[in-house]
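As provided, run34.csv (CSV, N, CA and C atoms) reads as follows.
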chain,number,residue,atom,x,y,z
M,1,MET,N,216.4,60.2,180.4
M,1,MET,CA,217.5,59.7,181.2
M,1,MET,C,218.6,60.7,181.5
M,2,ILE,N,219.0,61.4,180.5
M,2,ILE,CA,220.0,62.4,180.6
M,2,ILE,C,219.6,63.5,181.7
M,3,GLN,N,218.4,63.9,181.6
M,3,GLN,CA,217.9,64.9,182.6
M,3,GLN,C,218.0,64.4,184.0
M,4,ALA,N,217.9,63.0,184.2
M,4,ALA,CA,217.9,62.4,185.5
M,4,ALA,C,219.3,62.5,186.1
M,5,GLU,N,220.3,62.7,185.3
M,5,GLU,CA,221.7,62.7,185.8
M,5,GLU,C,222.0,64.1,186.4
M,6,SER,N,222.5,64.1,187.6
M,6,SER,CA,222.7,65.3,188.4
M,6,SER,C,223.7,66.3,187.7
M,7,ASP,N,224.6,65.7,186.9
M,7,ASP,CA,225.7,66.5,186.3
M,7,ASP,C,225.4,66.8,184.8
M,8,MET,N,224.2,66.6,184.4
M,8,MET,CA,223.9,66.8,182.9
M,8,MET,C,222.5,67.5,182.8
M,9,CYS,N,222.4,68.2,181.7
M,9,CYS,CA,221.0,68.7,181.3
M,9,CYS,C,221.0,68.8,179.8
M,10,VAL,N,219.8,68.6,179.3
M,10,VAL,CA,219.5,68.7,177.9
M,10,VAL,C,219.2,70.2,177.6
M,11,VAL,N,220.0,70.9,176.8
M,11,VAL,CA,219.8,72.3,176.5
M,11,VAL,C,219.0,72.5,175.2
M,12,ALA,N,218.9,71.5,174.4
M,12,ALA,CA,218.1,71.6,173.1
M,12,ALA,C,217.9,70.2,172.6
M,13,SER,N,216.7,70.1,171.9
M,13,SER,CA,216.4,68.9,171.2
M,13,SER,C,215.7,69.4,169.9
M,14,VAL,N,216.2,69.1,168.8
M,14,VAL,CA,215.7,69.7,167.5
M,14,VAL,C,215.4,68.6,166.5
M,15,GLY,N,214.7,69.0,165.4
M,15,GLY,CA,214.2,68.1,164.5
M,15,GLY,C,215.0,68.0,163.2
M,16,ASP,N,216.0,68.8,163.0
M,16,ASP,CA,216.8,68.7,161.8
M,16,ASP,C,218.2,69.2,162.0
M,17,GLY,N,219.0,68.9,161.0
M,17,GLY,CA,220.4,69.3,161.2
M,17,GLY,C,220.7,70.8,161.2
M,18,ALA,N,220.0,71.6,160.4
M,18,ALA,CA,220.2,73.0,160.4
M,18,ALA,C,219.9,73.6,161.8
M,19,ALA,N,218.8,73.1,162.4
M,19,ALA,CA,218.4,73.6,163.7
M,19,ALA,C,219.4,73.1,164.7
M,20,ALA,N,220.0,71.9,164.6
M,20,ALA,CA,221.0,71.4,165.5
M,20,ALA,C,222.2,72.3,165.4
M,21,LEU,N,222.7,72.6,164.2
M,21,LEU,CA,223.9,73.5,164.1
M,21,LEU,C,223.6,74.9,164.7
M,22,ASP,N,222.4,75.4,164.4
M,22,ASP,CA,222.1,76.7,165.0
M,22,ASP,C,222.1,76.7,166.5
M,23,ALA,N,221.5,75.6,167.1
M,23,ALA,CA,221.5,75.5,168.5
M,23,ALA,C,222.9,75.3,169.1
M,24,ILE,N,223.7,74.6,168.5
M,24,ILE,CA,225.1,74.4,168.9
M,24,ILE,C,225.8,75.7,168.9
M,25,ARG,N,225.7,76.5,167.8
M,25,ARG,CA,226.3,77.8,167.7
M,25,ARG,C,225.8,78.8,168.8
M,26,ARG,N,224.5,78.8,169.1
M,26,ARG,CA,223.9,79.7,170.0
M,26,ARG,C,224.2,79.3,171.5
M,27,LEU,N,224.1,78.0,171.8
M,27,LEU,CA,224.1,77.6,173.1
M,27,LEU,C,225.5,77.0,173.6
M,28,ALA,N,226.4,76.7,172.6
M,28,ALA,CA,227.7,76.1,172.9
M,28,ALA,C,227.7,75.1,174.0
M,29,PRO,N,226.9,74.0,173.8
M,29,PRO,CA,226.9,72.9,174.8
M,29,PRO,C,228.3,72.2,174.9
M,30,VAL,N,228.5,71.6,176.0
M,30,VAL,CA,229.7,70.9,176.2
M,30,VAL,C,229.8,69.7,175.2
M,31,VAL,N,228.7,69.0,175.0
M,31,VAL,CA,228.6,67.8,174.1
M,31,VAL,C,227.3,67.9,173.3
M,32,ALA,N,227.4,67.6,172.1
M,32,ALA,CA,226.2,67.5,171.2
M,32,ALA,C,226.2,66.0,170.7
M,33,VAL,N,225.0,65.4,170.9
M,33,VAL,CA,224.8,64.0,170.4
M,33,VAL,C,224.1,64.2,169.1
M,34,LEU,N,224.7,63.7,168.0
M,34,LEU,CA,224.2,63.8,166.6
M,34,LEU,C,223.9,62.5,166.0
M,35,ASP,N,222.7,62.4,165.3
M,35,ASP,CA,222.4,61.3,164.5
M,35,ASP,C,223.0,61.5,163.1
M,36,VAL,N,223.6,60.4,162.5
M,36,VAL,CA,224.2,60.6,161.2
M,36,VAL,C,223.1,61.0,160.2
M,37,ARG,N,221.9,60.4,160.3
M,37,ARG,CA,220.9,60.7,159.3
M,37,ARG,C,219.9,61.7,159.9
M,38,MET,N,220.0,62.9,159.5
M,38,MET,CA,219.1,64.0,159.9
M,38,MET,C,218.7,64.7,158.7
M,39,PRO,N,217.4,65.2,158.7
M,39,PRO,CA,217.0,66.1,157.5
M,39,PRO,C,217.8,67.4,157.4
M,40,VAL,N,217.9,67.9,156.3
M,40,VAL,CA,218.6,69.2,156.0
M,40,VAL,C,220.1,69.0,156.0
M,41,LEU,N,220.8,68.9,157.1
M,41,LEU,CA,222.2,68.6,157.3
M,41,LEU,C,222.3,67.3,158.1
M,42,ASP,N,223.2,66.4,157.7
M,42,ASP,CA,223.4,65.2,158.4
M,42,ASP,C,224.4,65.4,159.6
M,43,GLY,N,224.4,64.5,160.5
M,43,GLY,CA,225.3,64.6,161.7
M,43,GLY,C,226.7,64.8,161.3
M,44,ILE,N,227.2,64.2,160.3
M,44,ILE,CA,228.6,64.3,159.9
M,44,ILE,C,228.9,65.7,159.4
M,45,GLU,N,228.0,66.3,158.6
M,45,GLU,CA,228.2,67.7,158.2
M,45,GLU,C,228.2,68.6,159.4
M,46,ILE,N,227.3,68.4,160.4
M,46,ILE,CA,227.3,69.2,161.6
M,46,ILE,C,228.6,69.0,162.4
M,47,ALA,N,229.0,67.8,162.6
M,47,ALA,CA,230.3,67.6,163.3
M,47,ALA,C,231.4,68.3,162.6
M,48,ARG,N,231.5,68.2,161.3
M,48,ARG,CA,232.6,68.9,160.6
M,48,ARG,C,232.5,70.4,160.8
M,49,ALA,N,231.3,71.0,160.7
M,49,ALA,CA,231.1,72.4,160.9
M,49,ALA,C,231.5,72.8,162.3
M,50,VAL,N,231.1,72.0,163.3
M,50,VAL,CA,231.5,72.3,164.7
M,50,VAL,C,233.0,72.3,164.9
M,51,ALA,N,233.6,71.3,164.3
M,51,ALA,CA,235.1,71.2,164.4
M,51,ALA,C,235.8,72.4,163.7
M,52,GLU,N,235.3,72.8,162.6
M,52,GLU,CA,235.9,73.9,161.8
M,52,GLU,C,235.7,75.2,162.6
M,53,GLN,N,234.6,75.4,163.3
M,53,GLN,CA,234.4,76.7,164.0
M,53,GLN,C,235.2,76.8,165.2
M,54,GLY,N,235.7,75.6,165.7
M,54,GLY,CA,236.6,75.6,166.8
M,54,GLY,C,236.1,76.0,168.2
M,55,GLY,N,234.8,75.8,168.4
M,55,GLY,CA,234.2,76.1,169.7
M,55,GLY,C,234.4,75.0,170.7
M,56,PRO,N,233.8,75.2,171.8
M,56,PRO,CA,234.0,74.3,172.9
M,56,PRO,C,233.3,72.9,172.8
M,57,THR,N,232.3,72.9,171.9
M,57,THR,CA,231.4,71.7,171.8
M,57,THR,C,232.1,70.5,171.3
M,58,ARG,N,232.0,69.4,172.0
M,58,ARG,CA,232.5,68.1,171.5
M,58,ARG,C,231.3,67.3,170.9
M,59,THR,N,231.5,66.5,169.9
M,59,THR,CA,230.4,65.8,169.3
M,59,THR,C,230.5,64.3,169.5
M,60,VAL,N,229.3,63.7,169.6
M,60,VAL,CA,229.2,62.2,169.7
M,60,VAL,C,228.3,61.9,168.5
M,61,ILE,N,228.7,61.0,167.7
M,61,ILE,CA,227.9,60.5,166.5
M,61,ILE,C,227.2,59.2,166.8
M,62,MET,N,226.0,59.1,166.4
M,62,MET,CA,225.2,57.9,166.6
M,62,MET,C,224.4,57.6,165.4
M,63,THR,N,224.4,56.3,165.0
M,63,THR,CA,223.6,55.8,163.9
M,63,THR,C,223.3,54.3,164.0
M,64,MET,N,222.4,53.9,163.2
M,64,MET,CA,222.1,52.4,163.2
M,64,MET,C,222.8,51.8,162.0
M,65,HIS,N,223.4,52.6,161.1
M,65,HIS,CA,224.0,52.2,159.8
M,65,HIS,C,225.5,52.5,159.8
M,66,TRP,N,226.3,51.5,160.3
M,66,TRP,CA,227.7,51.7,160.3
M,66,TRP,C,228.4,51.0,159.1
M,67,GLY,N,227.9,51.3,157.9
M,67,GLY,CA,228.5,50.7,156.7
M,67,GLY,C,229.8,51.4,156.5
M,68,GLN,N,230.6,50.8,155.5
M,68,GLN,CA,231.9,51.3,155.2
M,68,GLN,C,232.0,52.8,154.9
M,69,SER,N,231.0,53.3,154.1
M,69,SER,CA,231.0,54.7,153.7
M,69,SER,C,230.8,55.6,154.9
M,70,VAL,N,229.9,55.2,155.8
M,70,VAL,CA,229.7,56.0,157.0
M,70,VAL,C,231.0,56.0,157.9
M,71,VAL,N,231.6,54.8,158.1
M,71,VAL,CA,232.8,54.7,158.9
M,71,VAL,C,233.9,55.6,158.3
M,72,GLU,N,234.1,55.6,157.0
M,72,GLU,CA,235.1,56.4,156.4
M,72,GLU,C,234.8,57.9,156.6
M,73,ARG,N,233.6,58.3,156.4
M,73,ARG,CA,233.3,59.7,156.6
M,73,ARG,C,233.4,60.2,158.1
M,74,VAL,N,233.0,59.4,159.0
M,74,VAL,CA,233.1,59.7,160.4
M,74,VAL,C,234.5,59.6,160.9
M,75,ALA,N,235.3,58.6,160.5
M,75,ALA,CA,236.6,58.4,161.0
M,75,ALA,C,237.5,59.6,160.6
M,76,SER,N,237.2,60.4,159.6
M,76,SER,CA,238.0,61.5,159.3
M,76,SER,C,237.7,62.8,160.1
M,77,LEU,N,236.7,62.7,161.0
M,77,LEU,CA,236.3,63.8,161.8
M,77,LEU,C,236.9,63.8,163.2
M,78,PRO,N,237.1,64.9,163.8
M,78,PRO,CA,237.6,64.9,165.2
M,78,PRO,C,236.4,64.8,166.2
M,79,VAL,N,235.7,63.7,166.2
M,79,VAL,CA,234.5,63.5,167.1
M,79,VAL,C,235.0,62.8,168.3
M,80,SER,N,234.2,62.9,169.4
M,80,SER,CA,234.5,62.4,170.7
M,80,SER,C,233.8,61.1,171.0
M,81,GLY,N,232.9,60.7,170.2
M,81,GLY,CA,232.2,59.4,170.5
M,81,GLY,C,231.5,58.8,169.3
M,82,TYR,N,231.5,57.5,169.3
M,82,TYR,CA,230.8,56.7,168.2
M,82,TYR,C,229.9,55.8,168.9
M,83,LEU,N,228.6,55.9,168.6
M,83,LEU,CA,227.6,55.0,169.2
M,83,LEU,C,226.7,54.4,168.2
M,84,ALA,N,226.3,53.2,168.4
M,84,ALA,CA,225.3,52.5,167.6
M,84,ALA,C,223.9,52.9,168.2
M,85,LYS,N,222.9,53.1,167.4
M,85,LYS,CA,221.6,53.5,167.9
M,85,LYS,C,221.0,52.5,168.9
M,86,GLU,N,221.4,51.2,168.7
M,86,GLU,CA,220.8,50.2,169.6
M,86,GLU,C,221.5,50.3,171.0
M,87,THR,N,222.4,51.2,171.2
M,87,THR,CA,223.1,51.3,172.4
M,87,THR,C,222.2,51.6,173.6
M,88,ALA,N,222.4,51.0,174.7
M,88,ALA,CA,221.6,51.3,175.9
M,88,ALA,C,221.8,52.7,176.3
M,89,LEU,N,220.8,53.3,176.9
M,89,LEU,CA,220.9,54.7,177.4
M,89,LEU,C,222.0,54.9,178.4
M,90,LEU,N,222.4,53.9,179.2
M,90,LEU,CA,223.5,54.1,180.1
M,90,LEU,C,224.8,54.3,179.3
M,91,GLU,N,224.9,53.6,178.2
M,91,GLU,CA,226.1,53.8,177.3
M,91,GLU,C,226.1,55.2,176.7
M,92,VAL,N,225.0,55.8,176.4
M,92,VAL,CA,224.9,57.1,175.9
M,92,VAL,C,225.4,58.1,176.9
M,93,VAL,N,225.0,57.9,178.2
M,93,VAL,CA,225.5,58.7,179.3
M,93,VAL,C,227.0,58.6,179.5
M,94,ALA,N,227.5,57.4,179.4
M,94,ALA,CA,228.9,57.2,179.5
M,94,ALA,C,229.7,57.9,178.4
M,95,ALA,N,229.2,57.8,177.2
M,95,ALA,CA,229.8,58.5,176.0
M,95,ALA,C,229.8,60.0,176.2
M,96,ILE,N,228.8,60.5,176.7
M,96,ILE,CA,228.7,62.0,177.0
M,96,ILE,C,229.7,62.4,178.0
M,97,ARG,N,229.8,61.6,179.1
M,97,ARG,CA,230.8,61.9,180.1
M,97,ARG,C,232.2,61.8,179.6
M,98,CYS,N,232.5,60.8,178.8
M,98,CYS,CA,233.8,60.7,178.2
M,98,CYS,C,234.1,61.9,177.3
M,99,ALA,N,233.2,62.3,176.5
M,99,ALA,CA,233.4,63.4,175.6
M,99,ALA,C,233.6,64.7,176.4
M,100,ALA,N,232.8,64.9,177.4
M,100,ALA,CA,233.0,66.1,178.3
M,100,ALA,C,234.3,66.1,178.9
M,101,ALA,N,234.9,65.0,179.2
M,101,ALA,CA,236.2,64.9,179.8
M,101,ALA,C,237.4,65.0,178.8
M,102,GLY,N,237.0,65.1,177.5
M,102,GLY,CA,238.0,65.2,176.5
M,102,GLY,C,238.5,63.9,176.0
M,103,GLU,N,237.8,62.8,176.3
M,103,GLU,CA,238.2,61.5,175.9
M,103,GLU,C,237.3,61.1,174.7
M,104,ILE,N,237.7,60.0,174.1
M,104,ILE,CA,237.0,59.4,172.9
M,104,ILE,C,236.3,58.1,173.4
M,105,TYR,N,235.0,58.0,173.1
M,105,TYR,CA,234.3,56.8,173.5
M,105,TYR,C,233.9,56.1,172.2
M,106,VAL,N,234.1,54.8,172.2
M,106,VAL,CA,233.7,54.0,171.1
M,106,VAL,C,232.9,52.8,171.7
M,107,ALA,N,231.6,52.7,171.2
M,107,ALA,CA,230.8,51.7,171.7
M,107,ALA,C,231.4,50.3,171.4
M,108,PRO,N,231.4,49.4,172.4
M,108,PRO,CA,232.0,48.1,172.2
M,108,PRO,C,231.7,47.4,170.9
M,109,VAL,N,230.4,47.6,170.4
M,109,VAL,CA,230.0,46.9,169.2
M,109,VAL,C,230.7,47.5,168.0
M,110,LEU,N,231.3,48.7,168.1
M,110,LEU,CA,232.0,49.4,167.0
M,110,LEU,C,233.5,49.3,167.1
M,111,THR,N,234.1,48.7,168.0
M,111,THR,CA,235.5,48.8,168.2
M,111,THR,C,236.3,48.2,167.0
M,112,ALA,N,235.7,47.3,166.2
M,112,ALA,CA,236.3,46.8,165.0
M,112,ALA,C,236.4,47.8,163.9
M,113,ALA,N,235.3,48.6,163.9
M,113,ALA,CA,235.2,49.7,162.8
M,113,ALA,C,236.1,50.9,163.2
M,114,PHE,N,236.3,51.1,164.5
M,114,PHE,CA,237.1,52.3,165.0
M,114,PHE,C,238.2,51.8,166.0
M,115,PRO,N,239.2,51.1,165.5
M,115,PRO,CA,240.3,50.6,166.3
M,115,PRO,C,241.0,51.6,167.2
M,116,ARG,N,240.9,52.9,166.8
M,116,ARG,CA,241.7,53.9,167.6
M,116,ARG,C,241.0,54.2,168.9
M,117,GLY,N,239.8,53.7,169.1
M,117,GLY,CA,239.0,54.0,170.3
M,117,GLY,C,239.5,53.2,171.5

This entry written out as structure tokens:
Amino acid sequence: MIQAESDMCVVASVGDGAAALDAIRRLAPVVAVLDVRMPVLDGIEIARAVAEQGGPTRTVIMTMHWGQSVVERVASLPVSGYLAKETALLEVVAAIRCAAAGEIYVAPVLTAAFPRG
């Protein structure tokens, strides 16, 4: 679906967090969509590393488990989007567009967990 958008393209799709961080560092995408649960490095560790390196990439975090510990870990990060995995693909596209524009996107189902969105 992302490839179908005229203003977007997928520059990498990887199988683990170390590969994701490597791809982000090499390719410097505008937005990286990260799953919280990934092998090797999780999405939260990647988002933290991306923020610390200070590059142009904005991150959108996605997971199906928004328990209190995940919310606390993610809320402390400067990420640009919070999505539930059951989110419709159109919402993923909207979150990517918001992140690319420098805005923060919070999926409606998560607004109670992230009131700042």

Shortest interatomic distance to M:Gly55 - which of M:Pro108, M:Gly102, M:Pro29, M:Pro78, counting all atoms listed in the file: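 The closest residue to M:Gly55 is M:Pro29.
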
All helix (DSSP H, G or I) residues (DSSP, backbone) inside stretch 2-109 of chain M, as a ChimeraX atom specification: /M:17-27,43-53,68-75,89-100,108-109

Answer as a ChimeraX atom specification, residues within 9 Å of (229.8, 67.4, 164.7) using only C-alpha atoms: /M:21,32-34,43-51,57-61,77-79

Between atom N of M:Thr111 and atom N of M:Val93 - distance in Å to one decimal: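 Atom N of M:Thr111 lies 16.5 Å from atom N of M:Val93.
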
Interatomic distance, atom CA of M:Ala12 to atom CA of M:Ala28 (Å, one decimal):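 So the two atoms, atom CA of M:Ala12 and atom CA of M:Ala28, lie 10.6 Å apart.
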
Test item, strand (DSSP E) assignment across chain M, answer as a ChimeraX atom specification: /M:31-35,58-63,81-84,105-106

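Each of M:Glu86, M:Ser69, M:Val30, M:Val74 was compared to M:Ala101 using only C-alpha atoms, and M:Val30 turns out to be the nearest.
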
Coordinates-based distance that separates atom CA of M:Leu83 from atom CA of M:Ile24 (Å, one decimal):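 According to the coordinates, atom CA of M:Ile24 and atom CA of M:Leu83 are separated by 19.6 Å.
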
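Residue neighbourhood of M:Glu91, excluding near-sequence residues (fewer than 6 positions): Met1, Ile2, Val60, Met62, Gly81, Tyr82, Leu83, Ala84, Lys85, Arg97, Cys98, Tyr105, Val106, Ala107, Pro108 and Val109 of chain M, at 12 Å, using only C-alpha atoms.
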